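Structure file start14.txt; described as compact mmCIF, C-alpha atoms and all ligand atoms.
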```
# COMPACT_ATOMS: atom_id res chain seq x y z
CA MET A 163 38.33 -36.98 -37.52
CA LEU A 164 39.02 -33.22 -37.44
CA THR A 165 40.05 -31.32 -34.32
CA VAL A 166 40.71 -27.58 -34.30
CA HIS A 167 42.37 -25.76 -31.44
CA THR A 168 42.40 -21.95 -31.34
CA LEU A 169 45.40 -19.93 -30.18
CA HIS A 170 44.77 -16.28 -29.42
CA ALA A 171 47.45 -13.64 -29.92
CA VAL A 172 49.47 -12.73 -26.83
CA HIS A 173 51.00 -9.33 -26.09
CA GLN A 174 54.70 -9.33 -25.27
CA SER A 175 54.10 -7.63 -21.91
CA GLN A 176 51.89 -10.57 -20.91
CA ALA A 177 54.13 -13.26 -22.38
CA LYS A 178 57.03 -12.30 -20.14
CA THR A 179 54.93 -13.07 -17.04
CA PHE A 180 54.11 -16.65 -18.15
CA ASP A 181 55.39 -19.70 -16.32
CA THR A 182 56.57 -22.73 -18.29
CA ALA A 183 53.16 -24.40 -18.55
CA THR A 184 51.45 -21.18 -19.71
CA LEU A 185 54.20 -20.51 -22.26
CA ARG A 186 53.71 -24.02 -23.64
CA GLU A 187 49.90 -23.64 -23.75
CA ASN A 188 50.20 -20.43 -25.73
CA PHE A 189 53.09 -21.08 -28.11
CA LEU A 190 53.85 -24.82 -28.39
CA ILE A 191 51.98 -26.91 -30.96
CA ASP A 192 52.03 -30.53 -29.85
CA GLY A 193 49.97 -33.59 -30.69
CA ALA A 194 49.34 -32.46 -34.28
CA PHE A 195 50.22 -35.87 -35.75
CA ARG A 196 47.83 -38.62 -34.65
CA SER A 197 46.97 -41.70 -36.66
CA GLY A 198 43.66 -41.34 -38.51
CA GLU A 199 43.22 -37.68 -37.59
CA ILE A 200 43.51 -34.15 -38.93
CA ARG A 201 44.46 -31.79 -36.13
CA LEU A 202 44.69 -28.06 -36.78
CA THR A 203 45.68 -25.05 -34.72
CA TYR A 204 43.90 -21.85 -35.79
CA THR A 205 46.08 -18.97 -34.64
CA HIS A 206 45.16 -15.31 -34.42
CA TYR A 207 48.62 -14.40 -35.70
CA ASP A 208 47.69 -13.35 -39.25
CA ARG A 209 44.98 -16.06 -38.99
CA PHE A 210 47.68 -18.58 -39.80
CA VAL A 211 46.69 -22.23 -39.44
CA VAL A 212 49.09 -25.13 -38.87
CA GLY A 213 48.42 -28.80 -38.26
CA GLY A 214 48.90 -32.39 -39.23
CA ALA A 215 47.08 -35.09 -41.18
CA VAL A 216 48.05 -38.74 -40.69
CA PRO A 217 45.89 -41.01 -42.89
CA ASP A 218 47.89 -44.10 -41.82
CA GLY A 219 47.00 -46.08 -44.95
CA GLY A 220 43.41 -44.79 -45.09
CA SER A 221 42.18 -41.42 -46.26
CA LEU A 222 41.20 -38.18 -44.52
CA THR A 223 39.35 -35.26 -46.09
CA LEU A 224 39.64 -31.64 -45.00
CA ASP A 225 36.73 -29.53 -46.21
CA THR A 226 34.54 -27.49 -43.87
CA VAL A 227 36.29 -25.95 -40.87
CA ALA A 228 33.85 -24.00 -38.70
CA GLU A 229 36.55 -21.53 -37.57
CA SER A 230 36.99 -20.12 -41.10
CA GLY A 231 33.25 -19.51 -41.57
CA THR A 232 33.37 -20.56 -45.23
CA ASP A 233 31.77 -23.55 -46.95
CA SER A 234 35.15 -25.05 -47.69
CA PHE A 235 38.35 -24.23 -45.79
CA LEU A 236 40.22 -23.07 -48.92
CA ASP A 237 37.41 -20.83 -50.25
CA ARG A 238 39.42 -17.79 -49.11
CA ARG A 239 42.74 -19.40 -48.18
CA GLU A 240 45.88 -20.90 -49.66
CA MET A 241 47.67 -23.95 -48.27
CA GLY A 242 51.21 -25.31 -48.09
CA ILE A 243 51.70 -29.00 -47.29
CA VAL A 244 54.95 -30.82 -46.48
CA ASN A 245 55.10 -34.60 -46.32
CA ILE A 246 57.35 -35.51 -43.38
CA GLY A 247 56.43 -39.22 -43.55
CA GLU A 248 56.56 -41.98 -46.14
CA THR A 249 54.98 -41.75 -49.60
CA GLY A 250 51.44 -40.40 -49.59
CA THR A 251 48.97 -38.65 -51.84
CA VAL A 252 47.04 -35.41 -51.63
CA GLU A 253 44.01 -34.99 -53.85
CA ALA A 254 42.50 -31.57 -54.54
CA GLY A 255 40.52 -30.07 -57.41
CA GLY A 256 40.25 -33.46 -59.13
CA THR A 257 44.03 -34.05 -59.27
CA SER A 258 46.03 -36.44 -57.13
CA TYR A 259 49.60 -35.51 -56.18
CA THR A 260 52.07 -38.12 -54.93
CA LEU A 261 54.36 -36.66 -52.29
CA GLU A 262 57.59 -38.33 -51.20
CA ARG A 263 59.17 -37.43 -47.89
CA GLY A 264 60.25 -33.80 -48.04
CA ASP A 265 58.06 -32.86 -51.03
CA VAL A 266 55.90 -29.74 -50.80
CA LEU A 267 52.49 -29.03 -52.32
CA TYR A 268 51.00 -25.56 -52.68
CA LEU A 269 47.21 -25.38 -53.13
CA GLY A 270 45.76 -22.12 -54.39
CA MET A 271 42.65 -20.43 -53.04
CA GLY A 272 39.46 -22.22 -54.13
CA SER A 273 41.02 -25.69 -54.36
CA GLY A 274 38.04 -27.22 -52.53
CA ALA A 275 38.18 -30.32 -50.38
CA VAL A 276 41.64 -31.80 -49.75
CA THR A 277 42.05 -35.55 -49.28
CA PHE A 278 45.16 -37.03 -47.67
CA ALA A 279 45.95 -40.72 -48.19
CA GLY A 280 48.70 -43.33 -47.95
CA GLN A 281 51.58 -43.42 -45.50
CA GLY A 282 52.31 -39.71 -45.53
CA ARG A 283 52.52 -37.57 -42.43
CA PHE A 284 51.34 -34.25 -43.78
CA TYR A 285 52.25 -30.95 -42.16
CA ILE A 286 49.59 -28.40 -43.10
CA THR A 287 50.00 -24.61 -43.18
CA SER A 288 47.42 -22.12 -44.40
CA ALA A 289 47.02 -18.35 -44.64
CA PRO A 290 44.17 -16.15 -45.88
CA ALA A 291 44.44 -15.36 -49.61
CA HIS A 292 42.94 -12.69 -51.85
CA ARG A 293 43.39 -14.35 -55.28
CA THR A 294 44.07 -17.76 -56.73
CA CYS A 295 47.70 -18.61 -57.46
CA PRO A 296 48.40 -21.80 -59.44
CA THR A 297 48.60 -25.02 -57.47
CA ARG A 298 52.10 -26.43 -57.63
CA GLN A 299 54.03 -29.46 -56.42
CA ILE A 300 57.63 -28.66 -55.54
CA ALA A 301 60.15 -31.49 -55.15
CA ILE A 302 63.32 -31.05 -53.09
CA GLY A 303 65.33 -30.58 -56.31
CA ASP A 304 63.12 -27.63 -57.34
CA ALA A 305 63.66 -25.71 -54.10
CA LYS A 306 66.13 -22.83 -53.88
CA GLU A 307 69.06 -23.79 -51.66
CA VAL A 308 70.83 -21.30 -49.42
CA LYS A 309 73.87 -22.43 -47.41
CA LEU A 310 74.42 -20.58 -44.15
CA GLY A 311 76.59 -20.74 -41.04
CA ASP A 312 79.86 -22.52 -40.33
CA VAL A 313 81.21 -25.39 -38.27
CA ALA A 314 83.07 -23.06 -35.87
CA SER A 315 79.75 -21.48 -34.85
CA SER A 316 77.97 -24.89 -34.78
CA ASN A 317 75.33 -23.54 -37.16
CA LYS A 318 76.23 -24.91 -40.61
CA ARG A 319 72.90 -25.50 -42.32
CA THR A 320 71.02 -25.57 -45.62
CA ILE A 321 67.87 -23.51 -46.06
CA ARG A 322 65.54 -24.87 -48.76
CA GLN A 323 62.98 -22.37 -49.98
CA PHE A 324 59.90 -23.92 -51.61
CA ILE A 325 56.97 -21.51 -51.42
CA HIS A 326 59.06 -18.43 -52.04
CA PRO A 327 58.91 -15.68 -54.68
CA ASP A 328 62.11 -16.96 -56.38
CA VAL A 329 60.50 -20.38 -56.88
CA MET A 330 56.76 -19.86 -57.30
CA GLU A 331 53.90 -17.44 -56.72
CA SER A 332 51.68 -17.35 -53.64
CA CYS A 333 49.56 -14.64 -51.99
CA GLN A 334 51.26 -14.31 -48.62
CA LEU A 335 52.41 -17.78 -47.60
CA THR A 336 56.13 -18.52 -47.66
CA LEU A 337 57.48 -21.92 -46.61
CA GLY A 338 60.62 -24.00 -46.63
CA TYR A 339 62.80 -26.02 -44.35
CA THR A 340 66.25 -25.84 -42.87
CA THR A 341 68.49 -28.83 -42.19
CA LEU A 342 71.43 -28.78 -39.81
CA GLU A 343 74.70 -30.44 -40.89
CA ASP A 344 76.11 -33.20 -38.71
CA GLY A 345 77.66 -31.67 -35.60
CA SER A 346 75.92 -28.30 -36.01
CA VAL A 347 73.18 -27.58 -33.49
CA TRP A 348 72.10 -23.94 -33.82
CA ASN A 349 69.40 -22.62 -36.10
CA THR A 350 68.76 -18.97 -36.77
CA MET A 351 71.68 -17.67 -34.74
CA PRO A 352 72.24 -14.70 -34.80
CA ALA A 353 68.55 -14.45 -34.02
CA HIS A 354 66.12 -12.02 -35.58
CA THR A 355 62.61 -10.66 -35.42
CA HIS A 356 60.39 -9.47 -38.28
CA ASP A 357 57.44 -7.50 -37.03
CA ARG A 358 55.98 -7.57 -40.55
CA ARG A 359 55.50 -11.34 -40.56
CA MET A 360 54.55 -14.01 -38.05
CA GLU A 361 56.31 -17.35 -38.32
CA ALA A 362 55.63 -20.95 -37.33
CA TYR A 363 58.28 -23.64 -36.87
CA LEU A 364 57.84 -27.41 -36.98
CA TYR A 365 60.80 -29.51 -35.82
CA TRP A 366 61.14 -32.98 -37.36
CA GLY A 367 63.69 -35.67 -38.24
CA MET A 368 64.72 -35.88 -34.56
CA GLU A 369 65.37 -38.90 -32.39
CA ASP A 370 62.43 -39.53 -30.02
CA ALA A 371 64.52 -38.82 -26.92
CA ALA A 372 66.10 -35.67 -28.35
CA ARG A 373 64.86 -32.14 -27.76
CA VAL A 374 65.42 -28.73 -29.29
CA VAL A 375 65.82 -25.85 -26.86
CA HIS A 376 63.74 -23.32 -28.76
CA LEU A 377 64.33 -19.68 -27.85
CA MET A 378 61.46 -17.22 -28.05
CA GLY A 379 60.43 -13.89 -26.59
CA GLU A 380 61.46 -10.30 -27.07
CA PRO A 381 65.23 -10.10 -27.58
CA THR A 382 65.71 -8.66 -24.09
CA GLU A 383 63.18 -11.06 -22.45
CA THR A 384 63.99 -14.47 -23.90
CA ARG A 385 62.28 -17.65 -22.76
CA HIS A 386 62.75 -21.23 -23.88
CA LEU A 387 60.53 -24.16 -24.84
CA MET A 388 61.75 -27.75 -24.81
CA VAL A 389 60.48 -29.11 -28.12
CA ALA A 390 60.23 -32.76 -29.22
CA ASN A 391 60.11 -34.30 -32.68
CA GLU A 392 57.08 -33.23 -34.76
CA GLU A 393 56.25 -30.42 -32.36
CA GLY A 394 56.00 -26.82 -33.45
CA VAL A 395 56.16 -23.31 -32.12
CA VAL A 396 54.18 -20.27 -33.19
CA SER A 397 56.35 -17.17 -33.24
CA PRO A 398 54.57 -13.84 -32.75
CA PRO A 399 55.89 -10.84 -34.70
CA TRP A 400 57.68 -9.50 -31.60
CA SER A 401 59.52 -12.74 -30.85
CA ILE A 402 62.87 -14.16 -31.81
CA HIS A 403 62.80 -17.77 -33.00
CA ALA A 404 66.00 -19.80 -32.78
CA GLY A 405 67.11 -23.02 -31.22
CA ALA A 406 69.81 -25.55 -30.41
CA GLY A 407 69.17 -29.26 -30.77
CA ILE A 408 70.44 -32.42 -29.17
CA GLY A 409 71.35 -34.31 -32.34
CA GLY A 410 70.33 -33.59 -35.90
CA TYR A 411 67.05 -32.01 -36.92
CA THR A 412 65.22 -30.20 -39.66
CA PHE A 413 62.63 -27.52 -39.13
CA ILE A 414 59.91 -26.26 -41.40
CA TRP A 415 59.47 -22.50 -41.28
CA ALA A 416 56.34 -20.90 -42.65
CA MET A 417 55.36 -17.25 -42.60
CA ALA A 418 52.56 -14.85 -43.46
CA GLY A 419 52.18 -11.13 -43.14
CA ASP A 420 52.89 -7.90 -44.94
CA ASN A 421 55.74 -9.05 -47.14
CA GLN A 422 57.32 -12.19 -48.58
CA SER A 423 60.87 -10.93 -48.33
CA PHE A 424 62.79 -13.73 -46.61
CA THR A 425 65.77 -11.45 -45.94
CA ASP A 426 63.68 -8.73 -44.29
CA MET A 427 64.86 -9.49 -40.74
CA ASP A 428 65.94 -7.34 -37.82
CA PHE A 429 69.03 -9.14 -36.56
CA VAL A 430 69.86 -9.34 -32.89
CA GLN A 431 73.44 -10.21 -32.03
CA PRO A 432 74.02 -12.75 -29.22
CA ALA A 433 75.48 -10.01 -26.97
CA GLU A 434 72.17 -8.11 -27.17
CA LEU A 435 70.05 -11.08 -26.04
CA ARG A 436 68.93 -11.34 -22.45
O1 LIG A 501 68.20 -21.37 -40.04
C1 LIG A 501 67.73 -20.26 -40.33
O2 LIG A 501 68.38 -19.21 -40.20
C2 LIG A 501 66.36 -20.20 -40.83
O3 LIG A 501 65.86 -21.15 -41.38
C3 LIG A 501 65.62 -18.94 -40.60
C4 LIG A 501 64.13 -19.08 -40.71
O4 LIG A 501 63.80 -19.55 -41.93
C5 LIG A 501 63.51 -17.75 -40.44
O5 LIG A 501 63.42 -17.37 -39.32
C6 LIG A 501 63.02 -16.97 -41.58
O6 LIG A 501 62.50 -15.73 -41.15
ZN ZN A 502 62.28 -15.55 -39.02
```

Would you give me this structure, written as structure tokens?
Ligand SMILES: O=C(O)C(=O)C[C@H](O)C(=O)CO
Ligand SMILES: [Zn+2]
Amino acid sequence: MLTVHTLHAVHQSQAKTFDTATLRENFLIDGAFRSGEIRLTYTHYDRFVVGGAVPDGGSLTLDTVAESGTDSFLDRREMGIVNIGETGTVEAGGTSYTLERGDVLYLGMGSGAVTFAGQGRFYITSAPAHRTCPTRQIAIGDAKEVKLGDVASSNKRTIRQFIHPDVMESCQLTLGYTTLEDGSVWNTMPAHTHDRRMEAYLYWGMEDAARVVHLMGEPTETRHLMVANEEGVVSPPWSIHAGAGIGGYTFIWAMAGDNQSFTDMDFVQPAELR
């Protein structure tokens, strides 16, 4: 079963008037992981799509998605998949890839129908593409590791870059995930914006009762979203994206836009945030 929800782009002057429920409707991605379903959110931020596929021992095929207006979803798109569950397989273009928890698969434009199977919980990201880059499976050991933060600032963390120019080629999609060390709670602090790229976060590896207080909004108009395990947030180009968690967590970041330069960020120091 395939469900697609559309999120339209919101202007920052409107976002600052939203109450909690309206903020959540417009920026929180919840309910993406349901047994036996593929659930996608089609955003109008760089036409970036995020979602989940949970085959739960069976198999689920993603092919035609009416929102893209193409015969097959990947006819003019590339895709990045992260398995956040147990071992599962993804089959595309006649090849089957076995993904362990934390493995990433990049599918180039024109890969055709994609079939998810096994016990994987697959996080799906997709951006429009203009050429075919080679499909590639990237294990955790193949990712580029960047250590950031320190214990004193409660933000010691490891950034793992998978779909990233230093690791492999893609059209515009970049993707990786960041894991907090025990006792550290803050991600992406100091915060930043990057008007050149939108970004989507998916929080996972959390206890059911835990929450991340995700900060969004223009730097001088911040708002927060209480985010549970396996929930995501779409971050418009004008918004900061940062958070503090109750307990440990990992978050998948994925971006699309004018450049693939991970370090192209406009930093905002805590004293400048409102
Ligand atoms: O913890 C961090 O810092 C990050 O992981 C930053 C995100 O990846 C990001 O916002 C990239 O633009
Ligand atoms: Zn960012």

Sorted by chain and rising residue number, list the residues of chain A at most 9 Å from ligand ZN 502 (chain A) (counting only C-alpha atoms and all ligand atoms), each with its closest atom pair and distance in Å to one decimal, as a Markdown table.
```
| residue | atom | partner | partner_atom | distance |
| --- | --- | --- | --- | --- |
| A:Thr350 | CA | A:ZN502 | ZN | 7.7 |
| A:Ala353 | CA | A:ZN502 | ZN | 8.1 |
| A:His354 | CA | A:ZN502 | ZN | 6.2 |
| A:Thr355 | CA | A:ZN502 | ZN | 6.1 |
| A:His356 | CA | A:ZN502 | ZN | 6.4 |
| A:Arg359 | CA | A:ZN502 | ZN | 8.1 |
| A:Met360 | CA | A:ZN502 | ZN | 7.9 |
| A:Glu361 | CA | A:ZN502 | ZN | 6.3 |
| A:Ala362 | CA | A:ZN502 | ZN | 8.7 |
| A:Ser397 | CA | A:ZN502 | ZN | 8.4 |
| A:Ile402 | CA | A:ZN502 | ZN | 7.4 |
| A:His403 | CA | A:ZN502 | ZN | 6.4 |
| A:Ala404 | CA | A:ZN502 | ZN | 8.4 |
| A:Trp415 | CA | A:ZN502 | ZN | 7.8 |
| A:Ala416 | CA | A:ZN502 | ZN | 8.8 |
| A:Met417 | CA | A:ZN502 | ZN | 8.0 |
| A:Phe424 | CA | A:ZN502 | ZN | 7.8 |
| A:Thr425 | CA | A:ZN502 | ZN | 8.8 |
| A:Asp426 | CA | A:ZN502 | ZN | 8.7 |
| A:Met427 | CA | A:ZN502 | ZN | 6.8 |
```

Nearest residue to ligand LIG 501 (chain A) out of A:Glu369, A:Gly410, A:Arg385, A:Tyr363, using all atoms listed in the file?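 Residue with the minimum atom-to-atom distance to ligand LIG 501 (chain A): A:Tyr363.
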
Checklist line | Residues within 9 Å of region 334-338 of chain A, all atoms listed in the file, excluding chain neighbours under 4 positions, as an MDAnalysis selection string | finding: chainID A and resid 240:242 244 266 287:291 305 321:327 413:424

One residue among A:Asp225, A:Glu392, A:Asp312, A:Glu248 is nearest to ligand LIG 501 (chain A) when using all atoms listed in the file, and that residue is A:Asp312

Counting only C-alpha atoms and all ligand atoms, the residue among A:Gly311, A:Gly247, A:Gly193, A:Gly256 that lies closest to ligand LIG 501 (chain A) is A:Gly311

Could you give me, as a list in words, the residues within 7 Å of region 211-224 of chain A, counting all atoms listed in the file and dropping anything in the same chain fewer than 2 positions from it?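 Everything that qualifies: Ala194, Phe195, Arg196, Ser197, Gly198, Glu199, Ile200, Arg201, Leu202, Thr203, Tyr204, Thr205, Arg209, Thr226, Ala275, Val276, Thr277, Phe278, Ala279, Gly280, Gln281, Gly282, Arg283, Phe284, Tyr285, Ile286, Thr287, Ser288 and Ala289 of chain A.
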
**OP:** Considering all atoms listed in the file, state which residue in the set A:Leu377, A:Met163, A:Ala183, A:Ala254 is at the smallest distance from ligand LIG 501 (chain A).
**Re:**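 With all atoms listed in the file as the atom set, the closest residue is A:Leu377.
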
- request: Provide the CA of Asn245 (chain A) to CA of Ala301 (chain A) distance in Å, to one decimal place.
  value: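 About the pair CA of Asn245 (chain A) and CA of Ala301 (chain A): they are 10.6 Å apart.
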
Tell me, as a list in words, which residues lie within 8 Å of Gln299 (chain A), counting all atoms listed in the file; anything in the same chain fewer than 5 positions away does not count. Tyr259, Asp265, Val266, Leu267 and Tyr268 of chain A
